[in-house]
Every structure is written in C-alpha cells, then in structure tokens.
Amino acid sequence: MAAVVAQSHHIFGLRTGVRNSLLFLDEQTVIFPSGNNCVRYNIDQRWQRFIPGTERSHSMQALAISANRRYLAVAERGEKGTITVYDLQHEQSRKRKVLTGGEVPVQEFVCMAFSPDSKYLLGQAGGPEWTLFYWVWEKHKVMATVKTTSTGPISQVSFNPQDNTQICVSGNGVFKLFRYAEGALKQSNSVKETQNILSHAWMSEERVIAGTETGRLLVFESGDLRWEMSATSKVSTQEAERRTEKKSEDAPSVPTSLPRVTAITAYSKGFACSAGPGTVCIFEKTEEKDNYRRTREIKIPPDPCSNEPSQAEQQEITTLCISPSEETLATSTDRGQLYHITLSSAEMSKGEQAQFEFLSHSFHSSVITGLSICMRKPLIATCSLDHSVRIWNFETNALELYKEFQEESYSVALHPSGLFILVGFSDKIRLMNLLTDDIRTFKEFTVRGCRECAFSHGGHMFAAVNGNVIHIYSTTTFNSILNLKGHNGKVRSIAWSADDSRLVSCGMDGAVYEWNTLSGKRESESVLKSCSYTGVALSPETKSIFAVGTDCTLKEIHDCQILREVVSDDVLYTTIAMTHSGRAIFTGTAIGTVRAIKYPLPLQKEWTEYQAHSAPITKMVVTFDDQYLLTVSEDGCLLIWKIIDKEGWGLKRDKEMTYAEEILITKSDLEEKNQIMLELKTRVEELKMENEYQLRLKDMTYNENIKNLTEKFTQQMESLRTENKVLKTETEKQEVLHHEALIEVMERHSKEQQDLESTNNQKLMLEYEKYQELQLKSQQMQESYEEKLRQLEDSKVHALEEITQFYEAKMQEKVLTLGQCQDESWQQVREFEEMTKQMEEDTDRELQDIRVKYERKLREEKETNLRFKGETGVMKKKFSSLQREIDDRNVEIEKLKVEQQKLLAFIKSLEKDILGLKRGIQESHLTIQDKDKLIYDLKKKNQELEKFKFVLDYTVKDLKSKIEPRENDIKELKGQIQEMEGELDQFHKKNTQLELTIANLKLKLKATAKEMRKETQRVTDVEALVQKFKTDLHNCMGFIQEPKKLKESIRNLYECYVQQSDVVEMVGGVGVDADIQREYSRQREHLEKNVASLKKKLADEAEVHQAVKVKMMKENVFLIKEINDLRKELMVVRAQLHDYKIQVGLNQKNKPKSNRDIKMTASAGTVTRLEEEAEQIIQLQGLELQRLRHELQGQGRTLTPPTPSASTKLPALTREHH
C-alpha cells in the first residue's frame, strides 16, 4: 500500500447529461454530479462532501432523492445498468443497496423516482426494451415490470404524491398513468399523445402538468387532457432579436426553434418551468377554475467576462429544483453551470427583470487542456476548449478571475510570482498580466498550436512546444534563446529540473530526451518506438525520470536505461506527477481514476486507486508544499485532493508557506479608482451636509408639531377632566337611586319567594300521590304482557312445524319434474345435431355457388384493373406536373414566410423599442418626481433665503445711500486724475525728444573734442619744429659772412628739415587732403544715419515697453482697488456678523430658540462661508500680484529703457465700474 493517501477536498465543475443533476438535501445543501462523484455542497459555508461512484462505471445516467431527504439513488451504466441507493444521514453516505434488472438484460436506467413514503423505487430502463421496474428497494424485490413504449425515449417517471400505487410515465409520444394492482402495473388512462413530452409534475392527487418540445404546457386530470397553454404567452423581444440574428447567419429555409419545456417543478403556490434558452417562468394558481397565471420570468444573466456575453443567455435549462422551505430556486444547464435565486427577491423585483446568480462559481463547459500553479501564490490556472482561461484559489476554494478569448486555448503556464500567465492559442502564444479584474496581453510570440508550455522554476525562462520543436525564450528580453530539435513526433509533455539547468521532454515518437538548457545539447535519451509517451516527471534529485504512455506501464528511466516498469492492468496512463518529498507518484488514467504509488517503485502491483473523473485525466500537478494534488479532465472538472503522508516525513507542510499578497494594477485603473473614490467621498460629504440640513428642517417641523400636539392634548385633557368630574357627580346620584330601588326589589322578592314555596309544596304532594298510582298500573300491565308473549311463542312453534312439512312435500314434487326435464333435454340435443348436419350440407352448396360467382367477378375486375393501370399512368404524369407546380408554390410560400418572419422580427424589435421607451418614460417620470421633490425642498430653502435676503437688501440700501455721494466725489477726482495723466503723457513725450537731441549733441561734441585734441597736438609739434628751425637758422645766420659755411649749414638745414615725402606732399598735398576729407565726411554721414535709426528703434521699443508697463500698472492698481473694496466689504460683513451674534446671544438668554434664530444662525454660517471665500480670493489675487511683479522685473532686465526724469509720475489709480 502507498504511504501517501489522497482525499477529495474540493471540485469545480458539473457533469452534464445526467437526469435530475441538481437536488436539495436541505435548505443550505445541494447535491450534484461532478466527475465520477456526487457532491454534497453547502451554499453558505462552501464545504463539500463526496460520494464516489462505483468502479468501472462508464457513465452516470440519473439521480433521485427520497421525499424524506434521507436516501439518494444513483443510476450508472457499466457492463449492466445499476442503481445504487445511499443513506445520506450516515456521515460517509453509506451504500445501502445496489439494484439491477435481474434476469432482464438492462444496459442503463434513464430515470428514477422514489415513492412518497420512500419505500418503493421506480427505475426506467433504456432502449430497446424500455422496461419500467417497480421495487421494494430495501428488500431488493421487484414488485412488477411493464414495457412503457416501443419507440421513443422516456424522459421522466414519477409517483403520485398521495398514492404509492399510481405512476406517471412521459416521453416522446407517451403519457401513461399506471396503477399497481394484483401484482402488476396496469395502464389506467387511454390518452394517445403525439407530442414529445420532456417533463411533467404532479400538482395534486389527480392533476399533472406536462411540458412539450414545442413550448406547450398540457394539463391532465385523472389521465385525460383538460386544457393546454403556452409556456411563454409572447416571445420576448430579446429572443426575437436573437432569432433574427441566427436566421441571418443560417440558411433562410431553417425554421425557428420553439422554446422547449425541459424541466418542471411544483411548489405550494404553483409551479416553475423552463421556457426556452436561459428562461424560467413561474406560474401561480388563480382563484377561478384552478387555472394558472404566469407571474414572473427569471433569466440567466449575460456573462460580462465572455467574448459574447449573450451566449450565457442561450443555455438550455436541464434541471429545476426548489428548496424544502420554498425559499430558493436552483437550476442546472446543459453547459455545466449552476444558478440559483431567492424567490423573495424575484417577487420584489417585479419592475425589473429578475436574474439568476451563480450557485458557487462559473465552471468550464468543455475539455480542460491546461493546468498550472505558481510558487508565490495559492493560485491555479486552467484553460479549456470553451475559449476561457480561469484562475482559481486552492486555499479559499474560489474562482479569482476568468476571461474568454476568440480562439481555443491549448496550454497554460503561471509565472512563479503569480503575476503573469502564458497561454498557448492556435495561432500564437501570449504572455499576459494578471490584473485585479482582467487578464491583459502585453507580448505575443508566433508559436502556432502550442500544446505544452512551462515557466522555469526561477521564472527567467519559459519553454513552448511547437509540434516536435521546443522553443526556449527569455522572460526578461523576450528573445528566443534555444530551439531544441530532436523529436520525430509531437512533443506531449515537458518538465524543468529544480535548478532550471535541464529540461526533460517526451513525445509520440517514443523518445524521452534530457536537454541542457544552457548549451541546448541533448544529455541523455531513451527511445522505445513501441510506446507513445503522454506524460513525464522528474524526481526531486533529478536523477530519475518517470514516464507513462500508451503501453499501459509506468517506467523509471536512469542514465538512459529503464530501471523499473510497473504494469497498470490494461489501464492507459495519461499523465504523471511526483511529490516534492519524493515519497509517492500519482498517475492519471484514461478511465478518470487517480492512482497513488509508493516510491521507490514496488516490484508487485501495489497502488491505491481513487474514483475521480468521468473522462480521461489530461493534466496533474502537485503543489510546492506537497499539501494538494490537482487534476483536470476532459469532463471539464478541476479536482483538488488533500495529500496525507502516513509516515509523516518528507512533507514541506511543517513549514507553513506565506503566500504573497501583492497584485498588479495599471496606472490608469488606479487613477480611475482613486478618482472614483474622491468623487464618492465628495458625494458622501455633500450627502452628509444635505442630510444634516434635512434633519435640522425635520427637527424644526417635528418640534412645531410636538408643540401643537401638546397644546391640543392639554386642552383635550382639561376638557376630559371637567367631563370626568360631571360624570362622577352623576354616578354618585345614580348609585343612591339604585341602592334605594335595590332595597325595594329585595323586599318584594322575599315576599314572592315565600308565596311560591307554599304553593309548590302543595303541588309536590299531589304529584307524589299520582306517581304511586301509576307505578301500580305499570306492574299490572307488565304481568299481562308476559302472559301474551308465552302464548305467541307456543303458536309460532306449531306454525313452523306445519310449514316444514308442506315444503318437504313440494321438494319431492320438484325432484320428479327435474328428472323429466333432463330426458327432454337429451332429446332436444339429438335433434340439434341432426339440424347442424343438414345446415352444413346446405352451406357447402351455397359456398360452391358463391365461389363460382366471385371467380367470374374476379376475372372482370382484372380486366378493369388493366384498363385502370393505363389510366393511372396518364394520371401519374399529370400528378408529377402538378407536384412540380406545388413545389414551386411551396418555395414561393417559404420565401413569403421568411419575409413574414423578418417583418415579424422587425415588428417585435420595434415593440421592444417601444417597451424600452415606455420604460424610459417611466424612469423619467420617477426622476421628474424626484426632481419635483428636490425643487420643493429648494423652494422652501429659497423662501428662507429670501427672508434673509430681505434683511440684507435693507442693509445694502442703507449702505448704497451712504456710498452714492462718495462715488460722485470719486468721479470728480477721477476726471482730474485723467487730465493730469494727459499732461503727464505730453511731458513724457517732450522729455524723450529732448533726451534724443541731447544724446546727438553729446556725440557731436565728443567727435569735435577728439579732432580738436588732434589739431592742438599737431600745432604743438609744428611749433616745436619751428622753434628748433629758428634756433638752427639763428646759428646759420652766424656764418652770414662766410658763404661756404652758410651754404653748408643751409644744406644741412635742408637735409635735416626737408625730406622727399614732404616735397611730394607739398606738390600733391592739396588734392589728397580733399579726398580724405570727402571720405571722412561720407563715413561720418553713414554712421550718423545708423545711429539715428538705432535711436529711433530704441525709442519705439521704449514706448512699447512703457505702454506695457503702464498697462500692468493699471491692472495692478485695479487689483489693489478690488482688494481694498473686498476688505471693506469683509469688514462690513464681520461687523454685521458681530451684531448678529450679539443679537442671537441676547435672544438665547431671554427666550428659547425660534425659527428666526435658526435662520439667523444659518445666515451666520453663510456669512462665515462668504468670509472664507473672500479670504481665498484675496490670497489668489496676492499670488497674481507677485507673478505680475516678477514679470515686470524680468521685462525690466531684458529691456532697459531710458531712465525717466525726476519729473516722471506714476499713472493714476483708476477702476472701471461694471
């Protein structure tokens, strides 16, 4: 035996195709089939108890629960059909009896029913015999059998709720009532039904309601059809729209399907029945003629997480059941979903459409193809061919998240952090974020038809299978790292080693490869071409590889060699998983069972087998803490097993794992939620204020009402006190009168009593004497009657003897006559025999004549037949031509019908629009009423405010009367200021012009001063030269007597003071000076023009800057003026507030608070609010002033206009009146 035990802990899913697949055990517990188990599920506490199915059963057919809710019958199909009865009061739901068909070969039982006293059980066998069995199930005794039909299927059997001997059977063209009598089931009705009856329910001892495939409800009483009605009085506009959409998609000749009544259940007020896809109608009894009226319609809501939300509404309802207290209505659908609704809430939502809610969670409705878990969170990810990916929590046993996609999903892998998920679709694989309420794609990889994918244990890589190639990608860069090629067939399973250094894969080619994930090389291999592997697992030390395949064996592979093989007794293994402690191996089989095998693998066939699913197990995973085993199957169910180690070691559960609680959320979603929270907070605060105000108003009204009532009642009490005093005086008078009358009556009565006693005594004496006389007479009469009786007895004895003698004589005479009659009868018999012989001879002759006659007629008929054959050939040709015409007409009729249906659908859509508009009008009426109420409240508030306004208006008028003379003075001063501003502008303009001329003159002065300095320098140089020349000339004059020396000295002077350049300059000096002077004057004019243009530009910019500065100054002055006005108003309001507070304080001291005081406090609150608003405005304007000052300073730095003169004045402070 295995050291590890697995216990069924929780299951998600519903097994479809089971009759009565949902039953109420009590008010909080339901029973439904899931996998190969029946589950007892508590709706409130969300726990489950399992009733495992029988071994080797092929399928579960039907369920039935007894009337006392104690016994459960389960019909299963195997080598032969069986019905197993369980005791639900026992803790483990002990198996009580197993019923079979006995000598009658029965493959399956399609439906069952318990009797009202739970002693008898009906079982309807399937085709082709369709035998109905009637058991005393506790004694395993078949009371009677009967063949219910020979053709169509039987949909339901049931007992009369008041009679164990009466049975109802319904099906395709079948509605029969049987009664058990004299050891057999005899049909008690003679109704020949042609419709396909899908369900029925007993409403009373004689009445049965049946539902048909065409949406009709048939009401039978005492087995006879009384009347019928439609389950849907009119098709809803939504269904009409859906049908028109379906018609547009399908061929136009396909007729519309009517709503099928697949389930009916009765309760005290009436019954509930299915009425088409996703719809349940509730009918209640009416007072007249025991009819039923449709009161409510309950629908399955659209699925918001689905790709097509309306698909959920198209589910067909297979089972309906009502809780014992008739509080809850539950249903199951053909897509494996469970819904429920409280009937009280359905009654309350008469104005709105009542909708079902999920009984537990939304389940998969098709084959589950992928399963994965993560390390950091208690999450399970599954994907299915129903296009959905679902995230489950195995700690809370809840569905965390799910989403439907356009394509089918084949594989799924959860990142170890639990924040990301990898899903393989038909065209690509997608890496997605797990958000709080959504699964969003953020990266796609072009890997087609990925049937297997898995993240590494570190989460930095993931492997994805594409046919026979394994792609390994990086989770951080999303680049392809390796492509592992080597398999010749499709890869069916992959597994990472604990350190992510190796990857093991197996395929349909019979190969098991071990890959190095760093180099991409194959490290080991094991090939067995006779086996197609389906699952692979690694031991915790990654030394051994375990593989299962189509050869029905479990193999342990070590160093490329198969160490051990465990044969599975001809059961195909589909998947395998090993505990992280290495103590046990779990395998899933093709028949849906789970096997636990001890490790090391035993030599003999030792394992523990558990009933799990009803179809092959597709995936199997053990959680990282070895606490749970998870299995999924083709039946669409996810089963969570609790793992218990009997030896108590090797498990990680001793160290409690703390799971992460962080979640992913996008920034936009977070901001949106924060915004919604802020809006809701503001809304709450507004509502609080409004409620407080309303409460104050109500308190005021209630106080007034209380005062009025107290005054009224005090007046009434005073009036009643006065009346009470008057009545007391009258009662005292009446008491005196009554006392006197009573004394008189008592005296009169005593006298009458004495008279009556004397008279009665005399009468009694007389009566006693009469009694004694009558007693003597009765004794005498009794003696005389006794003598007469003796005489009569004697006479009767004599008469009896005479009569006996007389009848004996008559008897002898009759015996003689009887003998004579017998002789006569023998003679008549002989005569009759002779007569018969003669009659036979006569009939033979007549028969011969008739034969001849009819042979002649036959020859004539044959001749006429040949003639008619020719005529029929002609008629056939005519018929074929007419048939063609009829077909053409039928086609035209079909086209017209299609057009008519389209028009009807259009009309129904318009009716829907009309209903929607009417609903909108009703809603608008309601909103108008709410608005009217709000307007009424606001009007009341407005009236109070108007009263307050009247007081303020009066104060405002007084203030205005004081303000008007001041405003006139301000206007006059403004006029003066404007005139002064005009003069100031003129002075500014003149000032700027004078400054420009001064600047020009300064420049000219600078140029002339420069030239003057040059000329003075030149003059000084020339004067020095002349002085030197004079001295030298004076020296020469000393040689005036000596010509030679004079000549030499003069030559020396010439050579010293006269050079060649001076001679040339003297020759052309005049022309050169003129050209230089012209060029100098031209350049000077050009520079002067440039300087003038720049000065003009500077003046223009200075004017613009001055205008901007003036404008800003005006705005600044305007804002300062406004601030001053607001401060004055604030001072006035504060003064008024101070006065009001003083007034309120005085009033509170003198008298209690009245309505006017409350209004004044309200006005004080408004004044404080105005004060706060004014302070906020002042702060904002101060900030604006600072900003303007900074801008002015910045512009002053960038533009440096000419500094104003001392006479420059600031612009006037003006304010526009609005």
# chains A, B, ... in the order shown; residues from 1 in each chain; ligands from 1
$ residues_around --residues "region 75-86 of chain A" --least-positions-apart "2" --cutoff "7 Å" --atoms "only C-alpha atoms" --output "short mmCIF file (atom, residue, chain, number, x, y, z; two decimals) with C-alpha atoms, in the first residue's frame"
data_model
loop_
_atom_site.label_atom_id
_atom_site.label_comp_id
_atom_site.auth_asym_id
_atom_site.auth_seq_id
_atom_site.Cartn_x
_atom_site.Cartn_y
_atom_site.Cartn_z
CA ARG A 56 -15.55 0.63 -13.79
CA SER A 57 -18.78 2.51 -14.39
CA HIS A 58 -18.96 4.03 -17.88
CA SER A 59 -21.30 6.92 -17.13
CA MET A 60 -23.78 8.32 -14.61
CA GLN A 61 -27.34 8.48 -16.01
CA ALA A 62 -29.71 9.88 -13.38
CA LEU A 63 -30.16 10.94 -9.74
CA TYR A 71 -31.86 8.38 0.54
CA LEU A 72 -30.09 9.13 -2.75
CA ALA A 73 -30.39 6.86 -5.79
CA LEU A 88 -27.41 10.44 3.34
CA SER A 93 -23.11 8.39 2.91
CA ARG A 94 -23.06 4.61 3.38
CA LYS A 95 -24.12 2.44 0.44
CA ARG A 96 -27.39 0.66 1.27
CA LYS A 97 -28.48 -1.34 -1.80
CA VAL A 98 -27.44 -1.99 -5.40
CA LEU A 99 -30.41 -2.73 -7.70
CA THR A 100 -30.19 -4.34 -11.15
CA VAL A 106 -30.66 -3.82 -18.84
CA GLN A 107 -27.84 -1.63 -20.21
CA GLU A 108 -28.88 1.57 -18.41
CA PHE A 109 -31.58 3.22 -16.32
#
$ residues_around --residues "Gln1181 (chain A)" --least-positions-apart "4" --cutoff "12 Å" --atoms "only C-alpha atoms" --output "list in words"
Glu1115, Asn1116, Phe1118, Leu1119, Ile1120, Lys1121, Glu1122, Ile1123, Asn1124, Leu1126, Ala1174, Glu1175, Gln1176, Ile1177, Leu1185, Gln1186, Arg1187 and Leu1188 of chain A
$ closest_residue --among "A:Gln1179, A:Ser480, A:Ser493, A:Gln820" --to "Ser411 (chain A)" --atoms "only C-alpha atoms"
A:Ser493
$ select_by_dssp --residues "region 552-781 of chain A" --states "helix (DSSP H, G or I)" --output "PyMOL selection string"
chain A and resi 667-781
$ decode --residues "region 50-184 of chain A" --atoms "C-alpha atoms" --output "CSV table (one decimal), in the first residue's frame"
chain,number,residue,atom,x,y,z
A,50,PHE,CA,-18.0,13.4,-1.8
A,51,ILE,CA,-20.0,10.3,-2.6
A,52,PRO,CA,-17.7,8.4,-5.0
A,53,GLY,CA,-19.1,6.5,-7.9
A,54,THR,CA,-18.7,2.7,-8.5
A,55,GLU,CA,-15.6,1.3,-10.0
A,56,ARG,CA,-15.5,0.6,-13.8
A,57,SER,CA,-18.8,2.5,-14.4
A,58,HIS,CA,-19.0,4.0,-17.9
A,59,SER,CA,-21.3,6.9,-17.1
A,60,MET,CA,-23.8,8.3,-14.6
A,61,GLN,CA,-27.3,8.5,-16.0
A,62,ALA,CA,-29.7,9.9,-13.4
A,63,LEU,CA,-30.2,10.9,-9.7
A,64,ALA,CA,-33.2,10.8,-7.4
A,65,ILE,CA,-33.7,11.8,-3.8
A,66,SER,CA,-36.4,10.4,-1.5
A,67,ALA,CA,-39.2,12.6,-0.2
A,68,ASN,CA,-37.8,12.5,3.4
A,69,ARG,CA,-34.4,13.7,2.0
A,70,ARG,CA,-32.7,10.6,3.5
A,71,TYR,CA,-31.9,8.4,0.5
A,72,LEU,CA,-30.1,9.1,-2.7
A,73,ALA,CA,-30.4,6.9,-5.8
A,74,VAL,CA,-27.7,7.0,-8.5
A,75,ALA,CA,-28.2,5.2,-11.8
A,76,GLU,CA,-24.9,4.2,-13.5
A,77,ARG,CA,-24.1,2.5,-16.8
A,78,GLY,CA,-21.4,-0.3,-16.9
A,79,GLU,CA,-21.4,-3.8,-18.1
A,80,LYS,CA,-25.0,-3.7,-17.0
A,81,GLY,CA,-27.2,-0.9,-15.6
A,82,THR,CA,-27.2,-0.5,-11.8
A,83,ILE,CA,-29.0,1.8,-9.3
A,84,THR,CA,-27.1,2.4,-6.1
A,85,VAL,CA,-29.0,3.7,-3.0
A,86,TYR,CA,-27.0,5.7,-0.4
A,87,ASP,CA,-28.0,6.7,3.1
A,88,LEU,CA,-27.4,10.4,3.3
A,89,GLN,CA,-27.9,10.6,7.1
A,90,HIS,CA,-24.7,8.5,7.6
A,91,GLU,CA,-21.6,10.6,7.8
A,92,GLN,CA,-19.8,8.8,4.9
A,93,SER,CA,-23.1,8.4,2.9
A,94,ARG,CA,-23.1,4.6,3.4
A,95,LYS,CA,-24.1,2.4,0.4
A,96,ARG,CA,-27.4,0.7,1.3
A,97,LYS,CA,-28.5,-1.3,-1.8
A,98,VAL,CA,-27.4,-2.0,-5.4
A,99,LEU,CA,-30.4,-2.7,-7.7
A,100,THR,CA,-30.2,-4.3,-11.1
A,101,GLY,CA,-32.6,-5.7,-13.7
A,102,GLY,CA,-32.1,-9.2,-12.5
A,103,GLU,CA,-32.8,-11.7,-15.3
A,104,VAL,CA,-33.9,-8.9,-17.6
A,105,PRO,CA,-30.9,-7.6,-19.6
A,106,VAL,CA,-30.7,-3.8,-18.8
A,107,GLN,CA,-27.8,-1.6,-20.2
A,108,GLU,CA,-28.9,1.6,-18.4
A,109,PHE,CA,-31.6,3.2,-16.3
A,110,VAL,CA,-32.5,6.6,-17.8
A,111,CYS,CA,-34.7,8.0,-15.0
A,112,MET,CA,-35.8,7.1,-11.5
A,113,ALA,CA,-38.2,8.2,-8.7
A,114,PHE,CA,-38.9,7.4,-5.0
A,115,SER,CA,-42.4,6.9,-3.6
A,116,PRO,CA,-43.8,9.5,-1.2
A,117,ASP,CA,-43.1,7.2,1.8
A,118,SER,CA,-39.6,6.4,0.4
A,119,LYS,CA,-40.2,2.6,0.5
A,120,TYR,CA,-40.6,2.0,-3.2
A,121,LEU,CA,-38.4,2.9,-6.2
A,122,LEU,CA,-39.2,3.2,-9.9
A,123,GLY,CA,-36.5,2.6,-12.5
A,124,GLN,CA,-37.0,3.2,-16.2
A,125,ALA,CA,-34.7,1.0,-18.3
A,126,GLY,CA,-33.4,2.3,-21.6
A,127,GLY,CA,-34.0,1.0,-25.2
A,128,PRO,CA,-34.8,-1.1,-27.0
A,129,GLU,CA,-37.0,-2.7,-24.3
A,130,TRP,CA,-38.0,0.4,-22.3
A,131,THR,CA,-39.0,-1.7,-19.2
A,132,LEU,CA,-40.2,0.0,-16.1
A,133,PHE,CA,-39.2,-1.7,-12.8
A,134,TYR,CA,-41.2,-1.3,-9.5
A,135,TRP,CA,-39.0,-2.2,-6.5
A,136,VAL,CA,-39.4,-2.5,-2.8
A,137,TRP,CA,-35.8,-1.4,-2.7
A,138,GLU,CA,-34.9,-2.2,0.9
A,139,LYS,CA,-35.8,-5.9,0.3
A,140,HIS,CA,-34.3,-5.9,-3.2
A,141,LYS,CA,-37.6,-7.2,-4.5
A,142,VAL,CA,-39.1,-6.4,-7.9
A,143,MET,CA,-42.9,-6.0,-7.4
A,144,ALA,CA,-43.8,-5.5,-11.1
A,145,THR,CA,-42.4,-4.7,-14.5
A,146,VAL,CA,-44.1,-3.2,-17.6
A,147,LYS,CA,-43.0,-2.2,-21.1
A,148,THR,CA,-43.8,1.6,-21.3
A,149,THR,CA,-43.1,2.2,-25.0
A,150,SER,CA,-41.6,0.5,-28.1
A,151,THR,CA,-40.2,3.5,-30.0
A,152,GLY,CA,-39.4,6.9,-28.4
A,153,PRO,CA,-37.3,7.6,-25.4
A,154,ILE,CA,-38.8,8.0,-21.9
A,155,SER,CA,-38.0,11.4,-20.3
A,156,GLN,CA,-39.4,11.1,-16.8
A,157,VAL,CA,-41.2,8.7,-14.3
A,158,SER,CA,-42.9,9.8,-11.1
A,159,PHE,CA,-45.1,8.7,-8.2
A,160,ASN,CA,-48.4,10.3,-7.3
A,161,PRO,CA,-47.5,12.3,-4.2
A,162,GLN,CA,-50.6,11.0,-2.4
A,163,ASP,CA,-50.7,7.4,-3.7
A,164,ASN,CA,-47.8,4.8,-3.8
A,165,THR,CA,-49.7,2.7,-6.4
A,166,GLN,CA,-50.2,5.3,-9.1
A,167,ILE,CA,-47.3,6.1,-11.5
A,168,CYS,CA,-46.9,8.6,-14.4
A,169,VAL,CA,-44.6,8.0,-17.4
A,170,SER,CA,-43.9,10.6,-20.1
A,171,GLY,CA,-41.7,10.7,-23.2
A,172,ASN,CA,-41.8,11.0,-26.9
A,173,GLY,CA,-45.4,10.4,-27.8
A,174,VAL,CA,-46.0,8.9,-24.4
A,175,PHE,CA,-48.1,10.0,-21.5
A,176,LYS,CA,-49.3,7.0,-19.5
A,177,LEU,CA,-50.7,6.5,-16.0
A,178,PHE,CA,-50.2,3.1,-14.4
A,179,ARG,CA,-51.7,1.6,-11.2
A,180,TYR,CA,-50.2,-1.2,-9.2
A,181,ALA,CA,-52.9,-3.8,-8.5
A,182,GLU,CA,-52.8,-7.6,-8.1
A,183,GLY,CA,-49.0,-7.8,-8.5
A,184,ALA,CA,-48.9,-6.0,-11.9
